[in-house]
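The next block is input-v7.cif, given as mmCIF, C-alpha atoms.
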data_coords
#
loop_
_atom_site.group_PDB
_atom_site.id
_atom_site.type_symbol
_atom_site.label_atom_id
_atom_site.label_comp_id
_atom_site.auth_asym_id
_atom_site.auth_seq_id
_atom_site.Cartn_x
_atom_site.Cartn_y
_atom_site.Cartn_z
ATOM 1 C CA MET H 1 0.000 0.000 0.000
ATOM 2 C CA ALA H 2 1.141 3.591 -0.572
ATOM 3 C CA GLY H 3 0.224 6.933 0.947
ATOM 4 C CA THR H 4 1.810 9.900 -0.889
ATOM 5 C CA GLU H 5 5.282 8.511 -1.781
ATOM 6 C CA THR H 6 5.710 6.088 1.114
ATOM 7 C CA VAL H 7 5.444 2.399 0.224
ATOM 8 C CA MET H 8 4.916 -0.207 2.939
ATOM 9 C CA SER H 9 2.801 -3.217 3.783
ATOM 10 C CA LEU H 10 -0.799 -2.657 4.849
ATOM 11 C CA GLN H 11 0.028 -4.118 8.281
ATOM 12 C CA GLU H 12 2.892 -1.653 8.806
ATOM 13 C CA LEU H 13 0.888 1.263 7.494
ATOM 14 C CA ILE H 14 -2.189 0.671 9.661
ATOM 15 C CA ALA H 15 0.007 0.168 12.749
ATOM 16 C CA SER H 16 1.673 3.550 12.114
ATOM 17 C CA LEU H 17 -1.566 5.507 11.604
ATOM 18 C CA ASP H 18 -2.994 7.856 14.185
ATOM 19 C CA LYS H 19 -6.801 7.711 14.167
ATOM 20 C CA THR H 20 -6.894 11.501 14.352
ATOM 21 C CA CYS H 21 -5.355 11.702 10.858
ATOM 22 C CA LEU H 22 -8.177 9.721 9.230
ATOM 23 C CA PRO H 23 -9.542 9.534 6.596
ATOM 24 C CA ARG H 24 -6.511 8.617 4.457
ATOM 25 C CA ILE H 25 -6.400 7.697 0.763
ATOM 26 C CA LEU H 26 -4.194 4.681 -0.014
ATOM 27 C CA GLN H 27 -3.176 3.228 -3.365
ATOM 28 C CA VAL H 28 -2.404 -0.445 -3.950
ATOM 29 C CA CYS H 29 1.076 -0.894 -5.461
ATOM 30 C CA SER H 30 1.444 -4.676 -5.287
ATOM 31 C CA GLY H 31 1.185 -7.404 -2.724
ATOM 32 C CA VAL H 32 0.400 -10.920 -1.597
ATOM 33 C CA TYR H 33 -3.028 -11.652 -0.136
ATOM 34 C CA PHE H 34 -3.414 -13.523 3.131
ATOM 35 C CA GLN H 35 -6.461 -14.936 4.851
ATOM 36 C CA GLY H 36 -8.944 -12.167 5.545
ATOM 37 C CA SER H 37 -7.371 -9.756 3.041
ATOM 38 C CA VAL H 38 -10.212 -10.044 0.529
ATOM 39 C CA TYR H 39 -13.503 -8.221 0.825
ATOM 40 C CA GLU H 40 -17.006 -9.273 -0.128
ATOM 41 C CA LEU H 41 -19.036 -7.432 -2.769
ATOM 42 C CA SER H 42 -22.554 -8.583 -3.701
ATOM 43 C CA GLY H 43 -21.859 -12.027 -2.291
ATOM 44 C CA SER H 44 -18.577 -12.487 -4.197
ATOM 45 C CA GLU H 45 -15.053 -12.302 -2.857
ATOM 46 C CA VAL H 46 -12.990 -9.618 -4.580
ATOM 47 C CA CYS H 47 -9.240 -8.956 -4.278
ATOM 48 C CA LEU H 48 -7.668 -5.513 -4.478
ATOM 49 C CA SER H 49 -5.906 -4.791 -7.769
ATOM 50 C CA THR H 50 -2.764 -2.789 -8.464
ATOM 51 C CA GLY H 51 -3.694 0.875 -8.780
ATOM 52 C CA ASP H 52 -6.896 0.623 -6.706
ATOM 53 C CA LEU H 53 -7.570 3.511 -4.347
ATOM 54 C CA VAL H 54 -8.835 2.787 -0.827
ATOM 55 C CA LYS H 55 -10.131 5.430 1.574
ATOM 56 C CA VAL H 56 -9.511 4.319 5.163
ATOM 57 C CA ILE H 57 -12.149 5.886 7.426
ATOM 58 C CA ASP H 58 -11.594 3.992 10.675
ATOM 59 C CA ILE H 59 -9.332 1.386 12.307
ATOM 60 C CA GLU H 60 -9.991 -0.730 15.365
ATOM 61 C CA LEU H 61 -7.390 -2.732 17.236
ATOM 62 C CA LEU H 62 -8.798 -6.127 18.165
ATOM 63 C CA SER H 63 -7.346 -5.999 21.663
ATOM 64 C CA VAL H 64 -7.291 -8.098 24.807
ATOM 65 C CA SER H 65 -7.698 -7.063 28.434
ATOM 66 C CA TYR H 66 -4.369 -8.332 29.815
ATOM 67 C CA LEU H 67 -1.776 -6.058 31.391
ATOM 68 C CA PHE H 68 1.877 -6.422 30.453
ATOM 69 C CA LYS H 69 5.272 -5.540 31.914
ATOM 70 C CA LEU H 70 8.394 -4.549 30.019
ATOM 71 C CA VAL H 71 11.234 -7.047 29.878
ATOM 72 C CA PRO H 72 14.437 -5.049 30.568
ATOM 73 C CA GLU H 73 16.823 -4.690 27.663
ATOM 74 C CA LYS H 74 19.987 -6.776 28.022
ATOM 75 C CA MET H 75 22.074 -4.370 25.942
ATOM 76 C CA PRO H 76 23.536 -1.348 27.784
ATOM 77 C CA TYR H 77 22.812 2.302 27.075
ATOM 78 C CA SER H 78 25.881 4.487 26.574
ATOM 79 C CA THR H 79 24.412 7.879 27.583
ATOM 80 C CA VAL H 80 21.568 9.236 29.697
ATOM 81 C CA GLU H 81 20.163 10.953 26.597
ATOM 82 C CA GLU H 82 19.902 7.584 24.821
ATOM 83 C CA MET H 83 17.856 6.147 27.706
ATOM 84 C CA VAL H 84 15.523 9.156 27.714
ATOM 85 C CA SER H 85 15.045 9.154 23.931
ATOM 86 C CA LEU H 86 13.896 5.520 23.966
ATOM 87 C CA ARG H 87 11.208 6.067 26.609
ATOM 88 C CA PRO H 88 7.636 5.969 25.223
ATOM 89 C CA VAL H 89 6.504 9.437 24.150
ATOM 90 C CA GLY H 90 3.111 10.718 25.245
ATOM 91 C CA LEU H 91 2.538 8.242 28.069
ATOM 92 C CA ASP H 92 2.252 9.433 31.645
ATOM 93 C CA THR H 93 3.813 6.113 32.651
ATOM 94 C CA CYS H 94 7.208 6.759 31.014
ATOM 95 C CA PHE H 95 8.582 8.007 34.353
ATOM 96 C CA PRO H 96 9.813 7.076 36.909
ATOM 97 C CA PHE H 97 12.406 4.864 35.258
ATOM 98 C CA THR H 98 15.121 2.992 37.172
ATOM 99 C CA PHE H 99 18.568 1.992 35.914
ATOM 100 C CA THR H 100 21.982 0.981 37.228
ATOM 101 C CA SER H 101 25.516 1.876 36.194
ATOM 102 C CA ARG H 102 28.191 -0.738 35.577
ATOM 103 C CA CYS H 103 30.926 1.775 36.492
ATOM 104 C CA GLU H 104 31.333 4.279 39.328
ATOM 105 C CA LEU H 105 30.269 7.854 38.526
ATOM 106 C CA THR H 106 30.749 11.135 40.397
ATOM 107 C CA LEU H 107 27.669 13.351 40.115
ATOM 108 C CA GLN H 108 27.887 16.796 41.716
ATOM 109 C CA ASN H 109 28.801 15.961 45.351
ATOM 110 C CA PHE H 110 27.523 12.395 45.161
ATOM 111 C CA THR H 111 29.352 9.265 44.032
ATOM 112 C CA LEU H 112 27.236 6.699 42.260
ATOM 113 C CA GLY H 113 28.592 3.270 43.134
ATOM 114 C CA THR H 114 28.612 0.313 40.795
ATOM 115 C CA GLY H 115 25.207 -1.365 40.677
ATOM 116 C CA MET H 116 23.417 1.361 42.683
ATOM 117 C CA ALA H 117 19.834 1.931 41.530
ATOM 118 C CA VAL H 118 19.068 5.367 40.086
ATOM 119 C CA THR H 119 15.469 6.434 39.493
ATOM 120 C CA MET H 120 14.711 9.081 36.867
ATOM 121 C CA LEU H 121 11.891 11.319 38.071
ATOM 122 C CA HIS H 122 11.477 13.817 35.230
ATOM 123 C CA ILE H 123 13.304 15.883 32.614
ATOM 124 C CA GLU H 124 14.381 19.428 33.449
ATOM 125 C CA GLN H 125 14.838 21.696 30.447
ATOM 126 C CA GLN H 126 17.532 24.309 31.017
ATOM 127 C CA ASP H 127 17.451 27.929 29.835
ATOM 128 C CA GLY H 128 19.551 29.221 26.968
ATOM 129 C CA ASP H 129 22.410 27.035 25.801
ATOM 130 C CA GLU H 130 22.556 25.007 29.001
ATOM 131 C CA GLU H 131 22.272 21.252 28.587
ATOM 132 C CA SER H 132 19.034 19.481 29.551
ATOM 133 C CA CYS H 133 19.175 17.205 32.583
ATOM 134 C CA VAL H 134 17.124 14.535 34.278
ATOM 135 C CA ARG H 135 16.283 14.811 37.963
ATOM 136 C CA CYS H 136 17.101 11.483 39.591
ATOM 137 C CA GLN H 137 16.754 9.984 43.020
ATOM 138 C CA LEU H 138 19.594 7.968 44.510
ATOM 139 C CA ARG H 139 19.032 5.671 47.461
ATOM 140 C CA GLY H 140 21.958 4.852 49.745
ATOM 141 C CA GLN H 141 22.667 1.705 51.745
ATOM 142 C CA GLN H 142 21.156 3.188 54.923
ATOM 143 C CA GLY H 143 17.865 3.915 53.146
ATOM 144 C CA ALA H 144 18.496 7.670 52.847
ATOM 145 C CA SER H 145 17.786 9.210 49.461
ATOM 146 C CA ALA H 146 19.185 12.196 47.607
ATOM 147 C CA ASP H 147 18.120 14.044 44.462
ATOM 148 C CA VAL H 148 20.662 14.902 41.797
ATOM 149 C CA LEU H 149 20.613 16.423 38.311
ATOM 150 C CA ILE H 150 22.306 14.250 35.677
ATOM 151 C CA PRO H 151 23.132 15.861 32.296
ATOM 152 C CA PHE H 152 21.996 14.188 29.079
ATOM 153 C CA SER H 153 25.622 13.846 27.959
ATOM 154 C CA CYS H 154 26.625 11.738 30.985
ATOM 155 C CA ARG H 155 28.349 8.647 29.590
ATOM 156 C CA GLY H 156 28.686 5.197 31.080
ATOM 157 C CA GLU H 157 27.376 1.654 30.831
ATOM 158 C CA PHE H 158 23.763 1.857 31.974
ATOM 159 C CA TYR H 159 21.297 -1.008 32.329
ATOM 160 C CA GLU H 160 17.529 -0.859 32.622
ATOM 161 C CA CYS H 161 15.989 -2.308 35.796
ATOM 162 C CA GLU H 162 12.831 -4.377 35.969
ATOM 163 C CA SER H 163 9.772 -2.274 36.699
ATOM 164 C CA ASP H 164 6.344 -3.009 38.161
ATOM 165 C CA GLN H 165 4.797 -0.558 35.690
ATOM 166 C CA THR H 166 2.118 -2.212 33.555
ATOM 167 C CA TYR H 167 0.810 -1.300 30.112
ATOM 168 C CA THR H 168 -2.378 -2.062 28.254
ATOM 169 C CA LEU H 169 -2.193 -3.503 24.767
ATOM 170 C CA GLN H 170 -3.584 -0.235 23.409
ATOM 171 C CA GLU H 171 -0.766 1.751 25.043
ATOM 172 C CA ILE H 172 1.851 -0.654 23.676
ATOM 173 C CA MET H 173 0.579 -0.584 20.110
ATOM 174 C CA SER H 174 0.138 3.203 20.075
ATOM 175 C CA SER H 175 3.798 3.796 20.967
ATOM 176 C CA PRO H 176 6.493 3.117 18.311
ATOM 177 C CA HIS H 177 9.065 2.552 21.082
ATOM 178 C CA LEU H 178 6.931 0.165 23.135
ATOM 179 C CA CYS H 179 5.649 -1.970 20.265
ATOM 180 C CA SER H 180 9.220 -2.941 19.358
ATOM 181 C CA ARG H 181 10.007 -4.117 22.909
ATOM 182 C CA HIS H 182 9.600 -7.493 24.616
ATOM 183 C CA PHE H 183 6.929 -7.945 27.299
ATOM 184 C CA CYS H 184 5.716 -10.475 29.812
ATOM 185 C CA PHE H 185 2.363 -10.906 31.539
ATOM 186 C CA SER H 186 2.002 -8.732 34.649
ATOM 187 C CA LYS H 187 0.729 -11.743 36.581
ATOM 188 C CA LYS H 188 2.758 -14.928 36.823
ATOM 189 C CA THR H 189 1.627 -17.581 34.354
ATOM 190 C CA LYS H 190 2.950 -20.914 33.219
ATOM 191 C CA HIS H 191 4.066 -19.217 30.012
ATOM 192 C CA GLY H 192 7.253 -17.510 31.131
ATOM 193 C CA ALA H 193 8.622 -16.592 27.697
ATOM 194 C CA SER H 194 8.783 -12.939 26.635
ATOM 195 C CA LEU H 195 6.236 -11.662 24.129
ATOM 196 C CA VAL H 196 6.543 -9.548 20.981
ATOM 197 C CA PHE H 197 3.223 -8.192 19.724
ATOM 198 C CA SER H 198 2.039 -8.261 16.144
ATOM 199 C CA PRO H 199 -1.259 -6.342 15.962
ATOM 200 C CA ILE H 200 -4.357 -7.420 14.043
ATOM 201 C CA TYR H 201 -6.535 -4.523 12.922
ATOM 202 C CA GLN H 202 -10.047 -4.293 11.602
ATOM 203 C CA VAL H 203 -10.011 -1.659 8.864
ATOM 204 C CA GLN H 204 -13.068 0.217 7.591
ATOM 205 C CA ALA H 205 -12.534 1.576 4.102
ATOM 206 C CA ILE H 206 -14.434 2.958 1.100
ATOM 207 C CA MET H 207 -13.669 1.894 -2.476
ATOM 208 C CA HIS H 208 -14.841 3.252 -5.799
ATOM 209 C CA CYS H 209 -16.294 0.373 -7.818
ATOM 210 C CA GLU H 210 -17.292 0.347 -11.476
#
In structure tokens, what does this structure look like?
Amino acid sequence: MAGTETVMSLQELIASLDKTCLPRILQVCSGVYFQGSVYELSGSEVCLSTGDLVKVIDIELLSVSYLFKLVPEKMPYSTVEEMVSLRPVGLDTCFPFTFTSRCELTLQNFTLGTGMAVTMLHIEQQDGDEESCVRCQLRGQQGASADVLIPFSCRGEFYECESDQTYTLQEIMSSPHLCSRHFCFSKKTKHGASLVFSPIYQVQAIMHCE
């Protein structure tokens, strides 16, 4: 399917659409038809042909009611900015976010020891040419906590920690960052493997027929 000059599969295109941008006119370039990809017209099944125009007026994600938890990435982040940029945009649940550092870091008057948990609270935009920072909370061995500002450019070997934050399927599929991540069920089940979601959409469209 194609919209303007972008060519992609119908599955990819529908997954990338925001319902607020509908209706959208699509043109069929080429493709292979799978089960459920034909439509019925006057009792007969009809396939889309190359060059056909389709006006998408609504999409509906055929969702489930489970809640899911993120599986922490095994690969390290090299900067604080990289961690922030890969958080889901537009979700109130993107913070707080907890990580650890593989190496010791000195931040302002506080030394971050190896393996100490650091919780990002929110982003603080600085005025002028000053670098943006994240306000983080550090918890010491005696239970005392301290807040510290960490600049985006801070480099190290950072690892994501497991979180109790849960997401609905709708939240996952509406976020480009989340839908590429691995998840597990929020409640323990006998199926312990991580999950990668591939959405199935119901598409309402209008076609011009001879």
Given the file shown, enumerate the residues that the PyMOL selection byres ((chain H and resi 78) around 7) captures and present them as a CSV table (one decimal) with C-alpha atoms, in the coordinates of the input.
chain,number,residue,atom,x,y,z
H,76,PRO,CA,23.5,-1.3,27.8
H,77,TYR,CA,22.8,2.3,27.1
H,79,THR,CA,24.4,7.9,27.6
H,82,GLU,CA,19.9,7.6,24.8
H,155,ARG,CA,28.3,8.6,29.6
H,156,GLY,CA,28.7,5.2,31.1
H,157,GLU,CA,27.4,1.7,30.8
H,158,PHE,CA,23.8,1.9,32.0
- Fewer than 2 positions away in the same chain doesn't count, so skip those; otherwise give me all residues within 6 Å of range 162-175 of chain H, counting all atoms listed in the file, as a count of residues only. 7
- So how far away is CA of Leu86 in chain H from CA of Met116 in chain H, in Å?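 Those two atoms sit 21.4 Å apart.
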- With only C-alpha atoms as the atoms that count, which of H:Cys136, H:Cys21, H:Val71, H:Leu53 lies nearest to Cys184 in chain H?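 Checking each candidate against Cys184 in chain H, we get H:Val71 as the closest.
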- Item | Top pick for closest residue to Pro176 in chain H, considering H:Glu130, H:Asp147, H:Glu12, H:Glu73 and counting all atoms listed in the file |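 The shortest atom-to-atom distance to Pro176 in chain H comes from H:Glu12.
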- Message: Can you pull out the residues contacting range 109-112 of chain H? Cut-off 12 Å, using only C-alpha atoms, and skip same-chain residues under 4 positions away; I want them as number ranges by chain.
- Response: H: 99-105, 116-118, 136-141, 145-150, 156, 158
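The spacing separating CA of Pro151 in chain H from CA of Leu70 in chain H amounts to 25.3 Å.
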- Between H:Ser85, H:Gln27, H:Thr106, H:Thr119, which has the minimum distance to Val54 in chain H (counting all atoms listed in the file)?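 Closest candidate: H:Gln27.
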- Message: I'd like the interatomic distance between CA of Phe152 in chain H and CA of Phe95 in chain H, to a tenth of an Å.
- Response: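 Atom-to-atom, CA of Phe152 in chain H to CA of Phe95 in chain H, that is 15.7 Å.
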- Evaluate the PyMOL selection byres ((chain H and resi 50) around 6) on the structure here and hand back the selected residues as a ChimeraX atom specification. /H:28-30,49,51-52
- Message: Once the PyMOL selection byres ((chain H and resi 132) around 12) has been evaluated on this model, what residues remain selected, and can you format them as a ChimeraX atom specification?
- Response: /H:80-81,84,122-131,133-135,149-154
